[in-house]
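Colleague: My structure file run-v7.cif, mmCIF, C-alpha atoms and all ligand atoms, is below:
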```cif
data_start
loop_
_atom_site.label_atom_id
_atom_site.label_comp_id
_atom_site.auth_asym_id
_atom_site.auth_seq_id
_atom_site.Cartn_x
_atom_site.Cartn_y
_atom_site.Cartn_z
CA MET P 1 -58.84 60.80 246.26
CA SER P 2 -56.65 61.97 243.38
CA LYS P 3 -54.70 65.13 244.00
CA GLU P 4 -55.32 68.35 242.09
CA LYS P 5 -52.51 69.17 239.65
CA VAL P 6 -50.42 72.30 239.73
CA GLN P 7 -49.06 73.13 236.29
CA ILE P 8 -45.30 73.59 236.16
CA PHE P 9 -44.31 76.33 233.71
CA ASP P 10 -40.56 76.18 233.19
CA THR P 11 -38.89 79.40 232.08
CA THR P 12 -35.24 78.29 232.37
CA LEU P 13 -34.77 78.99 228.65
CA ARG P 14 -36.33 82.46 228.78
CA ASP P 15 -36.25 84.20 232.20
CA GLY P 16 -33.50 81.83 233.38
CA GLU P 17 -31.32 82.56 230.41
CA GLN P 18 -31.39 86.28 231.26
CA VAL P 19 -28.54 85.62 233.73
CA PRO P 20 -25.55 87.68 232.54
CA GLY P 21 -22.94 85.47 230.89
CA CYS P 22 -25.19 82.42 230.67
CA LYS P 23 -26.47 82.77 227.13
CA LEU P 24 -27.14 79.41 225.50
CA ASN P 25 -26.91 78.57 221.81
CA THR P 26 -29.74 76.76 220.02
CA GLN P 27 -28.06 73.37 220.35
CA GLN P 28 -27.66 73.75 224.10
CA LYS P 29 -31.26 74.94 224.41
CA LEU P 30 -32.48 71.90 222.51
CA VAL P 31 -30.72 69.55 224.91
CA ILE P 32 -32.29 71.32 227.89
CA ALA P 33 -35.74 71.49 226.28
CA GLU P 34 -35.67 67.77 225.56
CA ARG P 35 -34.72 67.09 229.17
CA LEU P 36 -37.47 69.40 230.51
CA ASP P 37 -40.00 67.51 228.41
CA LEU P 38 -38.75 64.24 229.87
CA LEU P 39 -38.81 65.73 233.38
CA GLY P 40 -42.55 66.25 232.92
CA VAL P 41 -42.97 70.02 233.05
CA ASP P 42 -46.29 71.12 231.57
CA ILE P 43 -45.12 74.25 229.77
CA ILE P 44 -41.69 75.17 228.41
CA GLU P 45 -41.17 78.88 227.82
CA ALA P 46 -38.74 78.54 224.94
CA GLY P 47 -37.79 82.18 224.40
CA PHE P 48 -38.68 85.66 223.25
CA PRO P 49 -38.71 85.34 219.44
CA ALA P 50 -38.83 89.08 218.63
CA SER P 51 -35.72 89.73 220.73
CA SER P 52 -33.15 88.29 218.28
CA PRO P 53 -32.92 86.01 215.22
CA GLY P 54 -31.10 83.48 217.42
CA ASP P 55 -33.93 83.36 219.94
CA PHE P 56 -36.49 83.13 217.13
CA ASN P 57 -34.64 80.17 215.67
CA SER P 58 -34.38 78.47 219.08
CA VAL P 59 -38.15 78.68 219.57
CA VAL P 60 -38.70 77.20 216.09
CA GLU P 61 -36.35 74.27 216.74
CA ILE P 62 -37.64 73.63 220.27
CA SER P 63 -41.21 73.62 218.91
CA LYS P 64 -40.21 70.85 216.52
CA ILE P 65 -38.76 68.49 219.12
CA VAL P 66 -40.95 68.91 222.21
CA LYS P 67 -43.43 66.03 222.32
CA ASN P 68 -45.50 66.47 225.47
CA ALA P 69 -45.23 69.97 226.93
CA THR P 70 -46.89 73.13 225.70
CA VAL P 71 -44.28 75.37 224.06
CA CYS P 72 -44.63 79.02 224.97
CA ALA P 73 -43.12 82.20 223.51
CA LEU P 74 -42.93 85.60 225.20
CA THR P 75 -43.97 88.89 223.61
CA ARG P 76 -44.53 92.49 224.56
CA ALA P 77 -47.98 93.91 223.90
CA ASN P 78 -47.41 94.79 220.25
CA LYS P 79 -48.30 93.24 216.91
CA LYS P 80 -44.74 92.73 215.69
CA ASP P 81 -43.75 90.68 218.76
CA ILE P 82 -46.96 88.63 218.63
CA GLU P 83 -46.51 87.86 214.91
CA ALA P 84 -42.91 86.75 215.55
CA ALA P 85 -44.07 84.48 218.38
CA ALA P 86 -46.87 82.96 216.29
CA GLN P 87 -44.47 82.27 213.46
CA ALA P 88 -41.80 80.80 215.72
CA LEU P 89 -44.39 78.49 217.32
CA GLN P 90 -45.78 77.20 214.02
CA TYR P 91 -44.42 73.65 214.55
CA ALA P 92 -45.44 73.34 218.19
CA VAL P 93 -47.99 70.63 218.95
CA LYS P 94 -49.34 72.76 221.79
CA PRO P 95 -48.39 76.44 221.25
CA ARG P 96 -48.95 79.23 223.76
CA ILE P 97 -48.33 82.96 223.34
CA HIS P 98 -47.38 84.79 226.54
CA THR P 99 -48.09 88.46 226.09
CA GLY P 100 -48.47 91.32 228.54
CA ILE P 101 -47.56 94.73 229.81
CA GLY P 102 -46.50 96.54 232.99
CA THR P 103 -49.46 97.38 235.22
CA SER P 104 -47.98 99.12 238.27
CA GLU P 105 -48.15 102.88 238.60
CA LEU P 106 -44.36 103.01 238.22
CA HIS P 107 -44.41 101.07 234.96
CA ILE P 108 -47.41 102.91 233.52
CA LYS P 109 -45.93 106.33 234.28
CA HIS P 110 -42.20 105.83 233.77
CA LYS P 111 -41.90 102.94 231.31
CA PHE P 112 -44.84 103.75 229.07
CA ASN P 113 -45.61 107.40 229.83
CA SER P 114 -49.20 106.26 229.58
CA THR P 115 -52.45 106.04 231.55
CA PRO P 116 -54.19 103.07 233.16
CA GLU P 117 -56.98 103.25 230.57
CA GLN P 118 -54.51 103.11 227.67
CA ILE P 119 -52.70 100.18 229.27
CA VAL P 120 -55.96 98.24 229.55
CA GLU P 121 -56.65 98.89 225.86
CA ARG P 122 -53.18 97.73 224.85
CA ALA P 123 -53.53 94.60 226.98
CA LYS P 124 -56.93 93.73 225.47
CA ASP P 125 -55.67 94.32 221.92
CA ALA P 126 -52.57 92.21 222.49
CA VAL P 127 -54.52 89.27 223.91
CA ALA P 128 -57.12 89.45 221.13
CA TYR P 129 -54.39 89.61 218.49
CA ALA P 130 -52.50 86.65 220.01
CA LYS P 131 -55.81 84.77 220.14
CA SER P 132 -56.15 85.17 216.36
CA PHE P 133 -53.07 82.89 216.05
CA VAL P 134 -53.37 80.39 218.93
CA ASP P 135 -56.07 79.22 221.36
CA ASP P 136 -53.82 79.28 224.39
CA VAL P 137 -52.94 82.85 225.38
CA GLU P 138 -51.32 83.77 228.68
CA PHE P 139 -51.43 87.37 229.84
CA TYR P 140 -48.77 88.76 232.22
CA ALA P 141 -49.35 91.88 234.29
CA GLU P 142 -45.72 92.86 234.77
CA ASP P 143 -44.95 94.20 238.26
CA ALA P 144 -48.31 92.85 239.49
CA GLY P 145 -46.65 92.51 242.89
CA ARG P 146 -46.66 96.32 243.19
CA THR P 147 -49.88 96.90 241.26
CA ASP P 148 -52.99 98.16 243.02
CA ASN P 149 -55.27 95.12 243.45
CA LYS P 150 -58.38 96.91 242.17
CA PHE P 151 -56.69 97.92 238.93
CA LEU P 152 -55.13 94.46 238.59
CA ALA P 153 -58.57 92.86 238.93
CA HIS P 154 -59.95 95.23 236.31
CA ILE P 155 -57.26 94.49 233.72
CA CYS P 156 -57.53 90.75 234.42
CA GLU P 157 -61.29 90.84 233.84
CA GLU P 158 -60.82 92.69 230.56
CA VAL P 159 -58.18 90.33 229.17
CA ILE P 160 -60.32 87.31 230.10
CA LYS P 161 -63.05 88.83 227.92
CA SER P 162 -60.46 89.15 225.11
CA GLY P 163 -59.67 85.43 225.35
CA ALA P 164 -56.83 84.96 227.86
CA THR P 165 -56.63 81.39 229.15
CA VAL P 166 -53.96 81.96 231.81
CA LEU P 167 -53.33 85.05 233.96
CA ASN P 168 -49.77 85.48 235.13
CA ILE P 169 -49.37 87.62 238.26
CA PRO P 170 -45.63 88.34 238.42
CA ASP P 171 -43.90 89.67 241.48
CA THR P 172 -41.37 91.04 239.03
CA THR P 173 -39.18 92.74 241.61
CA GLY P 174 -39.45 90.07 244.31
CA TYR P 175 -40.87 92.60 246.75
CA CYS P 176 -44.03 90.95 248.12
CA LEU P 177 -44.29 89.15 251.42
CA PRO P 178 -45.91 85.71 251.21
CA ASP P 179 -49.15 86.76 252.95
CA GLU P 180 -49.37 89.82 250.69
CA TYR P 181 -48.82 87.81 247.52
CA GLY P 182 -51.27 85.12 248.67
CA ALA P 183 -53.86 87.81 249.47
CA LYS P 184 -53.39 89.28 245.98
CA ILE P 185 -54.22 85.93 244.39
CA LYS P 186 -57.22 85.51 246.69
CA TYR P 187 -58.42 89.02 245.85
CA LEU P 188 -58.35 88.15 242.13
CA LYS P 189 -60.12 84.84 242.79
CA ASP P 190 -62.86 86.67 244.70
CA ASN P 191 -63.25 89.74 242.52
CA VAL P 192 -62.60 88.93 238.86
CA LYS P 193 -65.57 87.88 236.77
CA GLY P 194 -64.73 84.78 234.72
CA ILE P 195 -61.70 83.86 236.85
CA GLU P 196 -63.09 80.32 237.25
CA ASN P 197 -62.50 79.76 233.52
CA VAL P 198 -58.78 80.62 233.55
CA THR P 199 -55.66 79.46 235.36
CA LEU P 200 -53.95 81.88 237.73
CA SER P 201 -50.17 81.69 237.58
CA CYS P 202 -47.46 82.66 240.09
CA HIS P 203 -44.26 84.16 238.68
CA CYS P 204 -42.07 85.21 241.59
CA HIS P 205 -38.58 86.67 241.63
CA ASN P 206 -36.14 86.08 244.44
CA ASP P 207 -34.75 89.53 245.29
CA LEU P 208 -35.54 89.07 248.98
CA GLY P 209 -35.24 85.29 248.97
CA LEU P 210 -39.03 84.87 249.01
CA ALA P 211 -39.75 83.52 245.53
CA THR P 212 -40.53 79.98 246.64
CA ALA P 213 -42.54 81.06 249.69
CA ASN P 214 -44.54 83.50 247.58
CA SER P 215 -45.29 80.91 244.90
CA ILE P 216 -46.54 78.47 247.51
CA ALA P 217 -48.66 81.21 249.12
CA GLY P 218 -50.15 81.86 245.68
CA ILE P 219 -50.96 78.19 245.25
CA GLN P 220 -52.53 78.00 248.71
CA ASN P 221 -54.82 80.83 247.66
CA GLY P 222 -56.02 79.33 244.41
CA ALA P 223 -53.32 79.75 241.74
CA ARG P 224 -52.71 76.54 239.79
CA GLN P 225 -49.58 77.28 237.80
CA ILE P 226 -46.07 78.09 238.99
CA GLU P 227 -43.48 79.74 236.73
CA CYS P 228 -40.03 78.64 237.74
CA THR P 229 -36.54 77.73 236.59
CA ILE P 230 -34.16 74.88 237.23
CA ASN P 231 -31.78 75.88 240.07
CA GLY P 232 -33.79 79.10 240.50
CA ILE P 233 -31.68 80.90 237.92
CA GLY P 234 -32.85 84.15 236.38
CA GLU P 235 -32.60 87.93 236.37
CA ARG P 236 -30.81 89.40 239.41
CA ALA P 237 -31.39 87.02 242.35
CA GLY P 238 -33.31 84.66 240.09
CA ASN P 239 -36.73 83.06 239.84
CA THR P 240 -38.62 80.51 241.89
CA ALA P 241 -36.64 77.25 241.88
CA LEU P 242 -38.55 74.46 240.14
CA GLU P 243 -37.03 71.72 242.29
CA GLU P 244 -38.11 73.52 245.47
CA VAL P 245 -41.77 74.06 244.65
CA VAL P 246 -42.14 70.57 243.19
CA MET P 247 -40.68 68.94 246.31
CA ILE P 248 -42.70 71.17 248.66
CA LEU P 249 -45.91 69.96 247.04
CA LYS P 250 -44.70 66.36 247.15
CA GLN P 251 -43.54 66.48 250.78
CA HIS P 252 -46.74 68.13 252.07
CA PRO P 253 -49.47 65.65 251.10
CA TYR P 254 -52.16 67.41 253.17
CA LEU P 255 -52.09 70.23 250.58
CA ASN P 256 -53.61 67.61 248.27
CA LEU P 257 -51.73 69.00 245.30
CA ASP P 258 -49.35 67.36 242.90
CA THR P 259 -47.34 68.01 239.75
CA ASN P 260 -46.52 65.92 236.70
CA VAL P 261 -42.78 66.19 237.35
CA ASN P 262 -40.73 63.00 237.65
CA THR P 263 -38.82 64.08 240.74
CA LYS P 264 -36.19 61.36 240.30
CA LEU P 265 -34.82 63.41 237.40
CA LEU P 266 -34.40 66.63 239.39
CA TYR P 267 -30.77 66.18 240.37
CA SER P 268 -29.52 65.18 236.92
CA THR P 269 -31.52 67.98 235.29
CA SER P 270 -29.98 70.46 237.70
CA GLN P 271 -26.52 69.14 236.82
CA LEU P 272 -27.27 69.42 233.10
CA VAL P 273 -28.37 73.06 233.41
CA GLN P 274 -25.33 73.91 235.56
CA GLU P 275 -23.06 72.37 232.98
CA LYS P 276 -24.68 73.98 229.91
CA MET P 277 -24.87 77.42 231.55
CA GLY P 278 -21.48 77.23 233.25
CA LEU P 279 -23.17 78.35 236.44
CA ASN P 280 -22.70 76.26 239.58
CA VAL P 281 -25.24 76.40 242.38
CA GLN P 282 -24.09 76.93 245.96
CA PRO P 283 -23.46 73.68 247.90
CA ASN P 284 -26.25 74.44 250.37
CA LYS P 285 -28.87 74.96 247.63
CA ALA P 286 -32.13 73.30 248.72
CA VAL P 287 -32.99 69.94 247.15
CA ILE P 288 -30.16 69.66 244.60
CA GLY P 289 -27.10 71.28 246.24
CA GLU P 290 -24.08 69.06 246.97
CA ASN P 291 -24.73 69.39 250.71
CA ALA P 292 -28.52 68.95 250.58
CA PHE P 293 -28.18 65.37 251.87
CA ALA P 294 -24.76 65.59 253.53
CA HIS P 295 -24.34 65.33 257.30
CA SER P 296 -21.16 66.38 259.02
CA SER P 297 -21.80 67.03 262.70
CA GLY P 298 -21.53 64.10 265.09
CA ILE P 299 -25.01 64.46 266.58
CA HIS P 300 -26.70 64.55 263.17
CA GLN P 301 -24.58 61.72 261.80
CA ASP P 302 -25.40 59.50 264.72
CA GLY P 303 -29.12 60.20 264.18
CA VAL P 304 -29.04 59.62 260.43
CA ILE P 305 -27.09 56.36 260.78
CA LYS P 306 -29.76 55.12 263.22
CA ASN P 307 -32.67 56.41 261.16
CA ARG P 308 -32.35 58.70 258.12
CA GLU P 309 -35.59 60.50 258.96
CA THR P 310 -34.17 61.97 262.18
CA TYR P 311 -32.52 64.71 260.11
CA GLU P 312 -33.94 64.33 256.59
CA ILE P 313 -37.43 65.27 255.44
CA MET P 314 -36.93 63.93 251.92
CA ASN P 315 -35.56 60.68 250.61
CA PRO P 316 -32.52 61.58 248.46
CA GLU P 317 -33.53 58.86 246.00
CA ASP P 318 -36.75 60.79 245.33
CA VAL P 319 -34.74 63.59 243.71
CA GLY P 320 -32.24 61.30 242.01
CA VAL P 321 -29.46 61.40 244.60
CA SER P 322 -28.34 57.85 245.32
CA LYS P 323 -27.88 58.22 249.10
CA SER P 324 -27.26 60.57 252.00
CA ALA P 325 -23.62 61.41 252.62
CA ILE P 326 -21.88 61.04 255.94
CA VAL P 327 -19.05 63.55 255.61
CA LEU P 328 -16.11 63.04 257.94
CA THR P 329 -14.80 66.23 259.54
CA ALA P 330 -13.35 67.18 262.92
CA ARG P 331 -16.97 67.58 264.10
CA SER P 332 -17.79 63.93 263.31
CA GLY P 333 -18.35 61.37 266.01
CA ARG P 334 -17.36 57.76 266.51
CA ALA P 335 -20.57 56.42 264.92
CA ALA P 336 -19.80 58.26 261.67
CA LEU P 337 -16.20 57.04 261.61
CA ALA P 338 -17.28 53.43 262.22
CA PHE P 339 -19.93 53.76 259.50
CA ARG P 340 -17.56 55.16 256.87
CA ALA P 341 -14.74 52.80 257.84
CA LYS P 342 -17.12 49.87 257.33
CA GLU P 343 -18.07 51.24 253.90
CA VAL P 344 -14.43 51.07 252.81
CA GLY P 345 -13.79 47.63 254.32
CA TYR P 346 -12.92 47.97 258.02
CA GLU P 347 -15.35 46.55 260.54
CA LEU P 348 -14.07 48.03 263.78
CA THR P 349 -14.75 46.67 267.24
CA LYS P 350 -15.42 49.11 270.07
CA ASP P 351 -11.82 48.72 271.35
CA GLN P 352 -10.37 49.28 267.89
CA LEU P 353 -12.54 52.37 267.45
CA ASP P 354 -11.15 53.71 270.75
CA ILE P 355 -7.68 53.54 269.22
CA VAL P 356 -8.53 54.84 265.74
CA TYR P 357 -10.82 57.71 266.74
CA PRO P 358 -8.15 60.00 268.34
CA GLU P 359 -5.92 59.40 265.32
CA PHE P 360 -8.82 60.33 263.05
CA LEU P 361 -9.44 63.55 265.02
CA SER P 362 -5.80 64.63 264.70
CA PHE P 363 -6.04 63.98 260.98
CA ALA P 364 -9.38 65.80 260.65
CA ASP P 365 -8.09 68.85 262.52
CA ILE P 366 -5.55 69.32 259.74
CA LYS P 367 -7.73 68.33 256.76
CA LYS P 368 -11.12 69.95 256.13
CA GLU P 369 -12.68 66.66 255.08
CA VAL P 370 -11.50 63.09 255.59
CA ILE P 371 -12.02 61.08 252.42
CA ASP P 372 -11.81 57.32 251.71
CA GLU P 373 -8.07 57.37 250.96
CA ASP P 374 -7.48 59.15 254.26
CA ILE P 375 -9.36 56.41 256.11
CA HIS P 376 -6.97 53.85 254.61
CA GLU P 377 -4.03 55.99 255.68
CA ILE P 378 -5.38 56.32 259.23
CA MET P 379 -5.95 52.55 259.43
CA GLU P 380 -2.43 51.91 258.16
CA SER P 381 -0.95 54.20 260.81
CA CYS P 382 -2.98 52.41 263.53
CA ARG P 383 -2.27 48.94 262.10
CA LEU P 384 0.13 47.78 264.82
CA LEU P 385 -2.10 49.13 267.58
CA ILE P 386 -5.33 47.46 266.45
CA ALA P 387 -3.88 44.22 265.08
O1 LIG P 401 -40.84 88.97 235.88
C1 LIG P 401 -41.67 89.26 235.01
O2 LIG P 401 -42.56 90.10 235.20
C2 LIG P 401 -41.56 88.57 233.72
C3 LIG P 401 -42.67 88.79 232.73
C4 LIG P 401 -42.09 89.21 231.43
C5 LIG P 401 -43.50 87.56 232.64
O3 LIG P 401 -40.66 87.81 233.51
ZN ZN P 402 -39.67 87.22 235.40
#
```
Using structure tokens, write down the structure from this file.
Modeller:
Amino acid sequence: MSKEKVQIFDTTLRDGEQVPGCKLNTQQKLVIAERLDLLGVDIIEAGFPASSPGDFNSVVEISKIVKNATVCALTRANKKDIEAAAQALQYAVKPRIHTGIGTSELHIKHKFNSTPEQIVERAKDAVAYAKSFVDDVEFYAEDAGRTDNKFLAHICEEVIKSGATVLNIPDTTGYCLPDEYGAKIKYLKDNVKGIENVTLSCHCHNDLGLATANSIAGIQNGARQIECTINGIGERAGNTALEEVVMILKQHPYLNLDTNVNTKLLYSTSQLVQEKMGLNVQPNKAVIGENAFAHSSGIHQDGVIKNRETYEIMNPEDVGVSKSAIVLTARSGRAALAFRAKEVGYELTKDQLDIVYPEFLSFADIKKEVIDEDIHEIMESCRLLIA
């Protein structure tokens, strides 16, 4: 049975680029957009055209080069923003306007000094206006995570009537717990008339480290689009990490869900974004971090050398990493030393290993990590003893 697809909406170039100090120029954005298209994301959010002439121009140029993905542009719920987005998207093969407004009590009162009724009217008008330019209109209910579910259902129902094709339910502040966010999606599925004709989208921020868990909870409750960024970059603590949600769906086949992403390009895409943005991910970052497939303790190394699956739930090759790494440290065991020594040309017998291992440990106690050159040095110092 073929698996149901979850749409991957990449917002590295819009929400991701909101990281302070990581602004990209048009040329850099084009390189990333081309790579995202190759990676197989379904939607590329290219920017917020009304925000600056530079962003407008980037959306125009990205629209010209993207061949497969839908190209999306963000707007606020006003005519000027929507016109700018429509104009910037004029060359896109598959254009989408992403418009919306804050729906939580806090946003309605303090951001807009408005009322729920007025917000619904603005949302309907914005969607209808965007619809006069493009068929594909996504509505976002900003701060949906803290919006009363009944009001959220009401505004969703109204914007569907105005022509929305996708409903984005952002946990803008990263506050929700996974069961709460999942229940919100289920509530909308169960209570919004016309919901079966639109796609529900998860857009989760990572303020409490729950963005990925919340997105998956949303998907398990009926959402079919995830908004995410490469390396999880974005405002504050960032957005849902694309590589994480894609691999979760791949590694859990019983969910019966899949994406169009070519996972073998995940690592190189992550490297490209790190390089262009000048922002390195932490070594222990899930899926694409330098340590994601590195094993340094003796017990784990022994297991992995015998059978990789003892301590790995993904094949590194599936994300574009050539192999697991056996890192030699003072916590490494004899099996790891023999394995790495063999890789650099020394096939040690058990007796030889008995001689070399204590020497290795003395070395490793001084150095944090024992690299290939160090192995040669250790072998040289033991030469007379193991000859
Ligand atoms: O986090 C958020 O609510 C957003 C919207 C503008 C989609 O990024
Ligand atoms: Zn966001």
Colleague: Residues contacting ligand LIG 401 (chain P) - anything with an atom at most 9 Å away, using all atoms listed in the file - can you give me those as an MDAnalysis selection string?
Modeller: chainID P and resid 11 14:15 74:76 98:102 139:144 168:174 203:205 227 235 239
Colleague: So how far away is CA of Leu38 (chain P) from CA of Leu265 (chain P), in Å?
Modeller: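 Distance between the two atoms: 8.5 Å.
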Colleague: For each of P:Leu266, P:Ala123, P:Ala211, P:Ala73, take the minimum atom-to-atom distance to Gly40 (chain P), counting only C-alpha atoms, then give the residue where this is smallest.
Modeller: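 Nearest to Gly40 (chain P): P:Leu266.
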Colleague: Rounded to one decimal place, report the CA of Gly222 (chain P)-CA of Ser201 (chain P) distance in Å.
Modeller: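 Calculated distance between CA of Gly222 (chain P) and CA of Ser201 (chain P) is 9.3 Å.
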Colleague: Between CA of Val304 (chain P) and CA of Ala338 (chain P), what is the distance in Å, rounded to a tenth?
Modeller: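 Separation between CA of Val304 (chain P) and CA of Ala338 (chain P): 13.4 Å.
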Colleague: Identify, on the basis of all atoms listed in the file, every residue whose closest approach to Tyr187 (chain P) does not exceed 12 Å; exclude the query and any residue fewer than 6 positions from it along the same chain; express the result as a PyMOL selection string.
Modeller: chain P and resi 148-154+156+169+179-181+193+195+200+218+221-223
Colleague: Point out the residue among P:Val246, P:Leu36, P:Cys176, P:Ile233 with the least atom-to-atom distance to Gly278 (chain P), counting only C-alpha atoms.
Modeller: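 Smallest distance to Gly278 (chain P) is found for P:Ile233.
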Colleague: Quick one: residues within 12 Å of Arg383 (chain P), only C-alpha atoms, excluding same-chain residues fewer than 2 positions away - as a PyMOL selection string?
Modeller: chain P and resi 346+348+352+355-356+359+375-381+385-387
Colleague: With distances taken over all atoms listed in the file, which residue among P:Lys276, P:Lys342, P:Arg236, P:Lys367 lies nearest Gln27 (chain P)?
Modeller: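 Distance minimum relative to Gln27 (chain P) lands on P:Lys276.
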Colleague: Skip Glu138 (chain P) itself and residues of its chain fewer than 5 positions away, then list as an MDAnalysis selection string all residues within 8 Å of it, counting only C-alpha atoms.
Modeller: chainID P and resid 96:99 127 164:168
Colleague: Using only C-alpha atoms, please write the residues we just selected to a file, as a compact mmCIF listing (two decimals), in the coordinates of the input.
Modeller:
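Okay, again07.txt is ready:
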```txt
# COMPACT_ATOMS: atom_id res chain seq x y z
CA ARG P 96 -48.95 79.23 223.76
CA ILE P 97 -48.33 82.96 223.34
CA HIS P 98 -47.38 84.79 226.54
CA THR P 99 -48.09 88.46 226.09
CA VAL P 127 -54.52 89.27 223.91
CA ALA P 164 -56.83 84.96 227.86
CA THR P 165 -56.63 81.39 229.15
CA VAL P 166 -53.96 81.96 231.81
CA LEU P 167 -53.33 85.05 233.96
CA ASN P 168 -49.77 85.48 235.13
```
